[in-house]
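target_12.csv follows; it contains CSV, C-alpha atoms.
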```
chain,number,residue,atom,x,y,z
A,183,MET,CA,67.9,96.2,114.7
A,184,VAL,CA,69.5,97.7,111.6
A,185,GLN,CA,69.7,101.4,112.0
A,186,LEU,CA,70.9,102.9,108.7
A,187,ASN,CA,70.6,106.6,109.7
A,188,LEU,CA,72.6,108.3,112.4
A,189,PRO,CA,70.7,109.3,115.5
A,190,GLN,CA,69.7,113.0,115.7
A,191,ASN,CA,72.6,114.0,118.0
A,192,SER,CA,75.1,112.4,115.7
A,193,LYS,CA,74.1,114.2,112.4
A,194,VAL,CA,77.3,115.7,111.0
A,195,ASN,CA,77.3,119.5,110.3
A,196,LYS,CA,79.6,121.6,108.2
A,197,GLY,CA,82.3,123.1,110.4
A,198,LYS,CA,85.1,125.7,110.1
A,199,TYR,CA,87.4,126.2,107.2
A,200,PHE,CA,91.1,126.8,107.9
A,201,LYS,CA,92.7,128.5,105.0
A,202,ASP,CA,96.4,127.9,104.2
A,203,LYS,CA,98.7,130.6,105.6
A,204,THR,CA,102.0,129.4,104.2
A,205,GLY,CA,101.3,130.4,100.7
A,206,SER,CA,102.4,127.0,99.4
A,207,LYS,CA,101.3,125.8,95.9
A,208,ASN,CA,101.1,122.2,96.9
A,209,ILE,CA,97.9,122.2,99.1
A,210,ARG,CA,95.6,119.4,100.0
A,211,ARG,CA,92.2,119.7,101.8
A,212,ILE,CA,91.8,117.5,104.8
A,213,ASN,CA,88.2,117.0,106.2
A,214,VAL,CA,88.3,116.0,109.8
A,215,TYR,CA,85.4,114.8,112.0
A,216,ARG,CA,85.2,117.0,115.1
A,217,TRP,CA,83.1,116.7,118.2
A,218,ASP,CA,83.6,118.6,121.4
A,219,PRO,CA,82.0,117.0,124.5
A,220,THR,CA,82.0,120.3,126.4
A,221,THR,CA,79.7,122.2,124.0
A,222,GLY,CA,76.8,119.8,123.5
A,223,GLU,CA,76.7,120.7,119.8
A,224,ASN,CA,76.4,118.1,117.0
A,225,PRO,CA,79.6,116.8,115.4
A,226,ARG,CA,81.0,118.8,112.5
A,227,ILE,CA,83.5,118.4,109.7
A,228,ASP,CA,86.4,120.9,109.8
A,229,THR,CA,88.4,121.4,106.7
A,230,TYR,CA,92.1,122.2,106.8
A,231,GLU,CA,94.3,123.3,103.9
A,232,VAL,CA,97.6,121.6,104.5
A,233,ASP,CA,100.9,122.4,102.8
A,234,MET,CA,102.1,119.0,101.5
A,235,ASP,CA,105.6,120.2,100.6
A,236,SER,CA,106.7,120.1,104.2
A,237,CYS,CA,104.6,117.0,105.2
A,238,PRO,CA,106.0,113.5,105.5
A,239,SER,CA,104.3,110.6,103.8
A,240,LYS,CA,101.7,109.2,106.2
A,241,VAL,CA,98.2,110.3,107.2
A,242,LEU,CA,99.4,110.6,110.9
A,243,ASP,CA,102.0,113.2,109.7
A,244,ILE,CA,99.2,115.3,108.4
A,245,LEU,CA,97.3,115.1,111.7
A,246,ASN,CA,100.4,116.0,113.6
A,247,LYS,CA,101.0,118.9,111.3
A,248,ILE,CA,97.4,120.1,111.8
A,249,LYS,CA,97.7,119.8,115.6
A,250,ASN,CA,101.2,121.4,115.8
A,251,GLU,CA,100.8,124.2,113.2
A,252,ILE,CA,97.1,124.9,112.5
A,253,ASP,CA,94.6,123.8,115.2
A,254,PRO,CA,95.9,122.5,118.6
A,255,THR,CA,92.4,121.6,119.7
A,256,LEU,CA,92.3,118.5,117.5
A,257,ALA,CA,92.2,115.2,119.5
A,258,TYR,CA,93.3,111.8,118.3
A,259,ARG,CA,95.2,108.8,119.7
A,260,ARG,CA,98.7,107.9,118.6
A,261,SER,CA,101.7,106.4,120.2
A,262,CYS,CA,104.3,104.3,118.4
A,263,ALA,CA,103.9,105.7,114.9
A,264,HIS,CA,105.2,102.4,113.5
A,265,GLY,CA,102.1,100.3,113.1
A,266,VAL,CA,102.7,98.3,116.3
A,267,CYS,CA,100.5,99.8,119.0
A,268,GLY,CA,97.3,100.2,117.1
A,269,SER,CA,96.4,103.5,118.8
A,270,CYS,CA,95.9,105.6,115.6
A,271,ALA,CA,93.3,103.3,114.0
A,272,MET,CA,90.7,105.5,112.2
A,273,ASN,CA,88.7,105.8,109.0
A,274,MET,CA,90.6,107.5,106.2
A,275,GLY,CA,89.3,107.9,102.7
A,276,GLY,CA,86.3,105.6,103.5
A,277,LYS,CA,88.5,102.7,104.8
A,278,ASN,CA,89.7,101.7,108.2
A,279,GLY,CA,93.5,101.6,108.8
A,280,LEU,CA,96.3,102.9,110.9
A,281,ALA,CA,97.1,106.6,110.3
A,282,CYS,CA,100.8,105.9,110.9
A,283,THR,CA,101.1,103.3,108.2
A,284,LYS,CA,98.6,104.7,105.6
A,285,PRO,CA,100.4,106.8,102.9
A,286,HIS,CA,98.3,109.8,102.1
A,287,ALA,CA,99.3,109.4,98.4
A,288,GLU,CA,97.1,106.4,98.3
A,289,ILE,CA,94.0,108.5,98.9
A,290,LYS,CA,92.7,110.4,95.9
A,291,GLY,CA,91.3,113.9,96.2
A,292,ASP,CA,90.4,115.5,99.5
A,293,ILE,CA,91.2,113.3,102.5
A,294,ASP,CA,88.3,112.5,104.7
A,295,ILE,CA,89.2,111.4,108.2
A,296,TYR,CA,86.6,110.0,110.6
A,297,PRO,CA,86.8,108.0,113.9
A,298,LEU,CA,86.4,104.2,113.6
A,299,PRO,CA,82.8,103.6,112.4
A,300,HIS,CA,79.8,103.0,114.7
A,301,LEU,CA,81.4,103.8,118.0
A,302,LYS,CA,80.4,106.2,120.7
A,303,VAL,CA,82.7,109.2,120.2
A,304,LYS,CA,84.6,110.5,123.2
A,305,LYS,CA,86.2,113.4,121.4
A,306,ASP,CA,87.1,114.2,117.7
A,307,LEU,CA,88.7,111.1,116.3
A,308,ILE,CA,88.6,109.1,119.6
A,309,GLY,CA,86.0,106.3,119.7
A,310,ASP,CA,85.0,104.3,122.8
A,311,LEU,CA,86.3,100.8,122.5
A,312,SER,CA,85.3,99.6,126.0
A,313,GLY,CA,82.6,97.2,124.6
A,314,LEU,CA,85.2,95.5,122.4
A,315,TYR,CA,87.6,95.1,125.3
A,316,LYS,CA,84.9,93.6,127.4
A,317,GLN,CA,84.2,91.0,124.7
A,318,TYR,CA,88.0,90.4,124.4
A,319,GLN,CA,88.0,89.6,128.1
A,320,SER,CA,85.0,87.3,127.7
A,321,ILE,CA,87.0,84.9,125.6
A,322,GLU,CA,89.7,84.6,128.4
A,323,PRO,CA,92.7,85.4,126.3
A,324,TRP,CA,95.3,83.6,128.4
A,325,LEU,CA,96.9,80.2,128.5
A,326,LYS,CA,94.9,77.5,130.4
A,327,ASN,CA,96.9,74.5,131.2
A,328,ASN,CA,95.9,72.4,134.2
A,329,SER,CA,98.1,69.3,133.9
A,330,LYS,CA,101.6,70.7,134.2
A,331,SER,CA,103.0,72.5,137.2
A,332,GLU,CA,103.6,76.2,137.0
A,333,THR,CA,107.4,75.8,137.1
A,334,THR,CA,108.0,73.4,134.2
A,335,GLU,CA,108.3,74.6,130.7
A,336,ILE,CA,105.4,73.7,128.3
A,337,PHE,CA,107.0,72.6,125.0
A,338,GLN,CA,105.6,73.4,121.6
A,339,SER,CA,106.8,71.9,118.3
A,340,LYS,CA,107.7,74.1,115.4
A,341,GLU,CA,104.7,72.9,113.5
A,342,ASP,CA,102.3,73.7,116.3
A,343,ARG,CA,103.8,77.1,116.7
A,344,ALA,CA,103.4,77.8,113.0
A,345,LYS,CA,99.6,77.3,113.4
A,346,LEU,CA,99.6,80.6,115.4
A,347,ASP,CA,101.1,82.6,112.5
A,348,GLY,CA,98.6,85.1,111.2
A,349,ALA,CA,96.7,85.2,114.5
A,350,TYR,CA,99.2,86.2,117.2
A,351,GLU,CA,100.3,89.3,115.2
A,352,CYS,CA,97.0,91.0,115.9
A,353,ILE,CA,97.5,94.3,117.7
A,354,MET,CA,93.8,94.8,118.6
A,355,CYS,CA,93.5,98.1,116.8
A,356,ALA,CA,89.8,97.3,116.1
A,357,CYS,CA,90.1,98.3,112.4
A,358,CYS,CA,88.4,95.0,111.4
A,359,SER,CA,85.6,94.9,114.0
A,360,THR,CA,84.5,98.4,113.2
A,361,SER,CA,84.6,97.8,109.5
A,362,CYS,CA,82.1,95.0,109.8
A,363,PRO,CA,78.4,95.8,109.1
A,364,SER,CA,77.4,92.8,111.1
A,365,TYR,CA,79.3,94.2,114.1
A,366,TRP,CA,77.6,97.6,113.5
A,367,TRP,CA,74.2,96.2,113.8
A,368,ASN,CA,74.9,93.5,116.5
A,369,GLY,CA,78.0,94.8,118.2
A,370,ASP,CA,76.5,94.1,121.6
A,371,LYS,CA,76.1,90.4,121.0
A,372,TYR,CA,78.3,89.4,118.0
A,373,LEU,CA,81.9,89.2,119.1
A,374,GLY,CA,83.3,90.7,115.9
A,375,PRO,CA,86.4,89.7,113.8
A,376,ALA,CA,89.1,91.0,116.1
A,377,VAL,CA,87.9,89.1,119.2
A,378,LEU,CA,87.1,86.0,117.1
A,379,LEU,CA,90.6,86.0,115.6
A,380,GLN,CA,91.9,86.0,119.2
A,381,ALA,CA,89.5,83.2,120.1
A,382,TYR,CA,90.9,81.2,117.2
A,383,ARG,CA,94.4,82.0,118.4
A,384,TRP,CA,93.7,80.4,121.8
A,385,ILE,CA,91.7,77.5,120.3
A,386,MET,CA,94.7,76.7,118.0
A,387,ASP,CA,97.4,76.9,120.7
A,388,SER,CA,98.7,73.4,121.3
A,389,ARG,CA,99.7,74.2,124.9
A,390,ASP,CA,96.1,75.2,125.8
A,391,GLU,CA,94.0,72.5,127.3
A,392,ASP,CA,90.7,74.3,127.3
A,393,ARG,CA,90.1,73.9,123.6
A,394,LYS,CA,86.7,72.2,123.8
A,395,GLU,CA,85.3,74.7,126.3
A,396,ARG,CA,86.6,77.6,124.2
A,397,LEU,CA,84.9,76.2,121.1
A,398,GLN,CA,81.7,75.6,123.0
A,399,LYS,CA,81.8,79.1,124.3
A,400,VAL,CA,81.9,80.8,120.9
A,401,ALA,CA,79.4,78.3,119.3
A,402,ASP,CA,76.5,80.7,119.5
A,403,GLU,CA,74.1,82.0,116.9
A,404,LEU,CA,74.9,85.5,117.8
A,405,LYS,CA,78.5,85.4,119.0
A,406,LEU,CA,79.9,83.6,116.0
A,407,TYR,CA,77.4,83.0,113.2
A,408,ARG,CA,76.6,86.6,112.7
A,409,CYS,CA,79.7,86.5,110.4
A,410,HIS,CA,78.2,86.5,106.9
A,411,THR,CA,81.6,86.6,105.1
A,412,ILE,CA,81.3,90.2,104.1
A,413,LEU,CA,85.1,90.3,104.2
A,414,ASN,CA,85.4,93.9,105.1
A,415,CYS,CA,87.6,92.8,108.0
A,416,THR,CA,90.2,91.2,105.9
A,417,SER,CA,90.4,94.1,103.5
A,418,ALA,CA,90.7,96.6,106.4
A,419,CYS,CA,93.4,94.8,108.5
A,420,PRO,CA,96.5,97.0,108.5
A,421,LYS,CA,98.6,94.1,109.5
A,422,GLY,CA,97.5,91.9,106.5
A,423,LEU,CA,95.9,89.3,108.7
A,424,ASN,CA,92.8,87.4,107.8
A,425,PRO,CA,90.1,87.4,110.5
A,426,ALA,CA,87.4,86.2,108.1
A,427,LYS,CA,89.4,83.0,107.4
A,428,ALA,CA,90.0,82.5,111.1
A,429,ILE,CA,86.2,82.7,111.7
A,430,ALA,CA,85.6,80.3,108.9
A,431,GLU,CA,88.1,77.9,110.5
A,432,ILE,CA,86.3,78.1,113.8
A,433,LYS,CA,83.0,77.3,112.0
A,434,LYS,CA,84.7,74.4,110.3
A,435,MET,CA,86.0,73.0,113.6
A,436,LEU,CA,82.5,73.2,115.1
A,437,ALA,CA,81.0,71.5,112.0
A,438,THR,CA,83.5,68.7,112.0
A,439,ALA,CA,84.0,68.2,115.7
B,214,MET,CA,78.4,108.2,127.4
B,215,GLU,CA,74.7,108.5,126.9
B,216,ASN,CA,74.8,111.7,124.9
B,217,ASN,CA,77.9,111.0,123.0
B,218,PRO,CA,77.3,110.8,119.2
B,219,LEU,CA,77.7,107.7,117.2
B,220,SER,CA,80.5,107.9,114.6
B,221,PRO,CA,79.3,107.6,111.0
B,222,HIS,CA,79.4,104.1,109.6
B,223,ILE,CA,77.6,102.9,106.4
B,224,GLN,CA,77.4,106.6,105.3
B,225,ILE,CA,81.2,106.9,105.0
B,226,TYR,CA,82.5,103.3,104.5
B,227,ASN,CA,83.7,102.4,101.0
B,228,TRP,CA,82.0,99.6,99.2
B,229,HIS,CA,84.2,96.7,98.3
B,230,ILE,CA,83.3,94.0,95.8
B,231,SER,CA,83.0,91.4,98.6
B,232,SER,CA,80.6,93.5,100.6
B,233,LEU,CA,78.5,94.3,97.5
B,234,VAL,CA,78.2,90.6,96.6
B,235,SER,CA,77.3,89.8,100.2
B,236,ILE,CA,74.4,92.3,100.4
B,237,SER,CA,73.2,91.3,96.9
B,238,HIS,CA,73.3,87.7,98.0
B,239,ARG,CA,70.9,88.5,100.8
B,240,ILE,CA,68.6,90.7,98.7
B,241,THR,CA,68.4,88.1,95.9
B,242,GLY,CA,67.8,85.4,98.5
B,243,ILE,CA,64.7,87.3,99.7
B,244,ILE,CA,63.5,87.9,96.1
B,245,ASN,CA,63.9,84.2,95.3
B,246,VAL,CA,61.9,83.1,98.3
B,247,MET,CA,59.1,85.4,97.2
B,248,THR,CA,59.4,84.1,93.7
B,249,ILE,CA,59.1,80.5,94.8
B,250,THR,CA,56.0,81.4,96.8
B,251,PHE,CA,54.6,83.2,93.7
B,252,ILE,CA,55.2,80.1,91.5
B,253,CYS,CA,53.4,77.9,94.1
B,254,ILE,CA,50.4,80.2,94.1
B,255,TRP,CA,50.5,80.2,90.3
B,256,VAL,CA,50.5,76.4,90.2
B,257,GLY,CA,47.8,76.3,92.9
B,258,LEU,CA,45.6,78.6,90.7
B,259,LEU,CA,45.5,75.8,88.1
B,260,LEU,CA,43.2,73.9,90.4
B,261,LEU,CA,40.7,76.8,90.3
B,262,GLY,CA,40.4,76.9,86.6
B,263,GLU,CA,42.1,77.9,83.4
B,264,THR,CA,41.3,81.6,83.4
B,265,ASN,CA,43.3,82.4,86.6
B,266,TYR,CA,46.3,80.7,85.0
B,267,GLU,CA,45.8,82.6,81.8
B,268,ILE,CA,45.7,86.0,83.5
B,269,ILE,CA,49.2,85.5,85.0
B,270,LYS,CA,50.5,84.1,81.7
B,271,PHE,CA,49.2,87.2,79.9
B,272,PHE,CA,50.9,89.4,82.5
B,273,LEU,CA,54.2,87.6,82.2
B,274,ASN,CA,54.1,87.9,78.4
B,275,SER,CA,53.6,91.7,78.5
B,276,LEU,CA,56.6,94.0,78.4
B,277,PHE,CA,56.5,94.8,82.1
B,278,GLY,CA,56.0,91.2,82.9
B,279,LYS,CA,59.0,90.2,80.8
B,280,PHE,CA,61.1,92.8,82.7
B,281,ILE,CA,60.0,91.3,86.0
B,282,LEU,CA,60.7,87.8,84.7
B,283,ILE,CA,64.2,88.6,83.5
B,284,GLY,CA,64.8,90.3,86.8
B,285,ILE,CA,63.8,87.2,88.7
B,286,ILE,CA,66.0,85.0,86.4
B,287,TRP,CA,68.9,87.4,87.1
B,288,SER,CA,68.2,87.1,90.8
B,289,PHE,CA,68.4,83.3,90.6
B,290,SER,CA,71.5,83.4,88.4
B,291,PHE,CA,73.3,85.6,90.9
B,292,GLN,CA,72.2,83.5,93.8
B,293,ILE,CA,73.5,80.3,92.1
B,294,LEU,CA,76.9,81.8,91.4
B,295,SER,CA,77.2,83.5,94.8
B,296,GLU,CA,76.1,80.3,96.6
B,297,ILE,CA,79.0,78.4,94.8
B,298,ARG,CA,81.3,81.1,96.1
B,299,HIS,CA,79.9,80.8,99.6
B,300,PHE,CA,80.4,77.0,99.4
B,301,PHE,CA,84.1,77.4,98.8
B,302,LEU,CA,84.3,80.1,101.6
B,303,ASP,CA,82.6,77.7,104.0
B,304,LEU,CA,85.2,75.1,103.1
B,305,GLY,CA,87.9,77.6,104.0
B,306,TYR,CA,89.1,78.5,100.6
B,307,GLY,CA,89.3,81.8,98.8
B,308,PHE,CA,89.8,84.2,101.7
B,309,GLU,CA,92.8,86.1,100.2
B,310,ILE,CA,91.9,89.7,99.3
B,311,LYS,CA,92.8,89.2,95.7
B,312,THR,CA,90.9,85.9,95.4
B,313,THR,CA,87.8,87.4,96.9
B,314,LYS,CA,87.9,90.3,94.4
B,315,ILE,CA,88.3,87.9,91.5
B,316,THR,CA,85.5,85.5,92.6
B,317,GLY,CA,83.3,88.5,93.5
B,318,LEU,CA,83.7,89.9,90.0
B,319,ILE,CA,83.0,86.5,88.4
B,320,VAL,CA,79.8,86.4,90.4
B,321,ILE,CA,78.7,89.9,89.4
B,322,ILE,CA,79.7,89.7,85.7
B,323,GLY,CA,78.8,86.0,85.3
B,324,SER,CA,75.3,86.5,86.5
B,325,PHE,CA,74.4,88.4,83.3
B,326,PRO,CA,75.3,85.8,80.6
B,327,LEU,CA,73.8,83.1,82.9
B,328,THR,CA,70.5,85.2,82.9
B,329,ILE,CA,70.6,85.2,79.0
B,330,ILE,CA,71.3,81.5,78.9
B,331,PHE,CA,68.4,80.6,81.3
B,332,TYR,CA,66.0,82.9,79.5
B,333,MET,CA,66.9,81.5,76.0
B,334,PHE,CA,66.7,78.0,77.4
B,335,GLY,CA,63.3,78.6,78.8
B,336,ARG,CA,62.0,80.4,75.7
B,337,TYR,CA,63.3,78.2,72.9
B,338,ILE,CA,64.2,74.8,74.2
B,339,LEU,CA,61.8,73.9,77.0
```
Rewrite the structure from the file as structure tokens, please.
Amino acid sequence: MVQLNLPQNSKVNKGKYFKDKTGSKNIRRINVYRWDPTTGENPRIDTYEVDMDSCPSKVLDILNKIKNEIDPTLAYRRSCAHGVCGSCAMNMGGKNGLACTKPHAEIKGDIDIYPLPHLKVKKDLIGDLSGLYKQYQSIEPWLKNNSKSETTEIFQSKEDRAKLDGAYECIMCACCSTSCPSYWWNGDKYLGPAVLLQAYRWIMDSRDEDRKERLQKVADELKLYRCHTILNCTSACPKGLNPAKAIAEIKKMLATA
Amino acid sequence: MENNPLSPHIQIYNWHISSLVSISHRITGIINVMTITFICIWVGLLLLGETNYEIIKFFLNSLFGKFILIGIIWSFSFQILSEIRHFFLDLGYGFEIKTTKITGLIVIIGSFPLTIIFYMFGRYIL
């Protein structure tokens, strides 16, 4: 059921204000979503004044600066800092993206940083993605080939390989799935753009022999057809991929099969 | 994980042209179904006599009635354009971010002149 309001324990309160101590003239206010699992209080928005003269260009640099210089209690995920691992996916300035590749100059005014939308929060900017990983597992994202022995190479033509372009690059950061209103309301049943893009990737793989079963598996009112081409996924993808188009292709394959 | 809060979603997420068109498509769809039901009832009232028909006709010719009427015509205009857009999306075309923005804008802006055309057509030609 569509629940537009947040539950009582998720209502966001105003939090602390950290005034700038460096005396810099180039200051930006950063509003960060905070929730501490040990206190039992509601989430709050803490505001930090950050000196931008000594801050590199990306949003992740701001978070690092806050954690290193202002407030070490801030929790967020990050690893590679080059847009490859997908750990630092979060909602910045009202849009999902990777903090390590999002330039803060692109956001006007104060910068609002939230965890990925409509997830159970573990702490501060860390959302629980276990539901999404379970769904990813359910599409069996591995090669299924029964006819060839395990020791011979399975060949793939250049043309067949090219069909995977735009699908295999996905880093499973969940920016797309958590930007999708349909996934917000039906996340327990609808697979969501990230998982469907991967489903498409395995359906399209010429080496895979389970194509029919894979198609049949996603051909479900809730699993697949909850996509209403809202297209938030495509506009959110930090890798420039197009999950909405992949979903449309799956629908097309099912309609023409 | 029972007591963990839910992170904000629709409250904080930016609206894009494509999401705006999508939700409007659903709302206008519901309005259109209600409108068609209303027209059926209106036609059905003909069987019960002229006066029933006249009452609704009187209402639709009042200022408030005209406002409702034009709103309904806009709803249909929007649905027609949006449905054409969806037709191409279903065929697998127009998924690039730039294209979705342009087609979305065409749907939103185009629905207004189409409303005027339909209204004028109904008023002066039919």
Contacts between chain B and chain A, please, where a residue of chain A counts if it comes within 6 Å (with all atoms listed in the file); show its shortest atom pair and distance in Å to one decimal, rows by chain and ascending number, as a tab-separated table.
```
residue	atom	partner	partner_atom	distance
A:Asn191	CA	B:Pro218	CA	5.8
A:Ser192	CA	B:Pro218	CA	4.4
A:Gly276	CA	B:Tyr226	CA	4.6
A:Pro299	CA	B:His222	CA	4.4
A:His300	CA	B:Ser220	CA	5.0
A:Leu301	CA	B:Ser220	CA	5.4
A:Lys302	CA	B:Leu219	CA	4.7
A:Val303	CA	B:Pro218	CA	5.7
A:Ile412	CA	B:Ser232	CA	4.9
A:Lys427	CA	B:Phe308	CA	5.8
```
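Atom CA of Asp294 of chain A to atom CA of Val214 of chain A spans 6.2 Å [interatomic distance, one decimal].
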Taking a cut-off of 10 Å and counting all atoms listed in the file, can you build a table that, for each residue of segment 266-317 of chain B near segment 246-253 of chain B, reports the nearest atom pair and how far apart they are in Å (one decimal), sorted by chain then residue number, as CSV?
```
residue,atom,partner,partner_atom,distance
B:Leu282,CA,B:Thr248,CA,9.8
B:Ile285,CA,B:Thr248,CA,7.3
B:Ile286,CA,B:Thr248,CA,9.9
B:Ser288,CA,B:Thr248,CA,9.7
B:Phe289,CA,B:Thr248,CA,9.6
```
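Among the candidate residues A:Leu242, A:Ile252, A:Ala271, A:Cys362, the one lying nearest to Phe200 of chain A is A:Ile252, with distances computed using only C-alpha atoms.
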Can you tell me which residues surround segment 306-310 of chain A at a distance of at most 7 Å, considering all atoms listed in the file, apart from same-chain residues fewer than 2 positions away, and format the answer as a PyMOL selection string? chain A and resi 215-218+256-259+296-298+301-304+312
Got time to write the residues from that selection, C-alpha atoms, as a PDB file, in the coordinates of the input?
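out_18.pdb, freshly written:
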```pdb
ATOM      1  CA  TYR A 215      85.400 114.800 112.000  1.00  0.00           C
ATOM      2  CA  ARG A 216      85.200 117.000 115.100  1.00  0.00           C
ATOM      3  CA  TRP A 217      83.100 116.700 118.200  1.00  0.00           C
ATOM      4  CA  ASP A 218      83.600 118.600 121.400  1.00  0.00           C
ATOM      5  CA  LEU A 256      92.300 118.500 117.500  1.00  0.00           C
ATOM      6  CA  ALA A 257      92.200 115.200 119.500  1.00  0.00           C
ATOM      7  CA  TYR A 258      93.300 111.800 118.300  1.00  0.00           C
ATOM      8  CA  ARG A 259      95.200 108.800 119.700  1.00  0.00           C
ATOM      9  CA  TYR A 296      86.600 110.000 110.600  1.00  0.00           C
ATOM     10  CA  PRO A 297      86.800 108.000 113.900  1.00  0.00           C
ATOM     11  CA  LEU A 298      86.400 104.200 113.600  1.00  0.00           C
ATOM     12  CA  LEU A 301      81.400 103.800 118.000  1.00  0.00           C
ATOM     13  CA  LYS A 302      80.400 106.200 120.700  1.00  0.00           C
ATOM     14  CA  VAL A 303      82.700 109.200 120.200  1.00  0.00           C
ATOM     15  CA  LYS A 304      84.600 110.500 123.200  1.00  0.00           C
ATOM     16  CA  SER A 312      85.300  99.600 126.000  1.00  0.00           C
TER      17      SER A 312
END
```
Measuring between all atoms listed in the file, which one of A:Glu332, A:Gly279, A:Leu346, A:Ser320 shows the shortest distance to Cys415 of chain A?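 That would be A:Gly279, the residue with the smallest distance to Cys415 of chain A.
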As JSON, numbers by chain, please: the residues near Val241 of chain A (cut-off 9 Å, only C-alpha atoms, same-chain neighbours under 5 positions excluded). {"A": [246, 274, 280, 281, 282, 283, 284, 285, 286, 287, 293]}
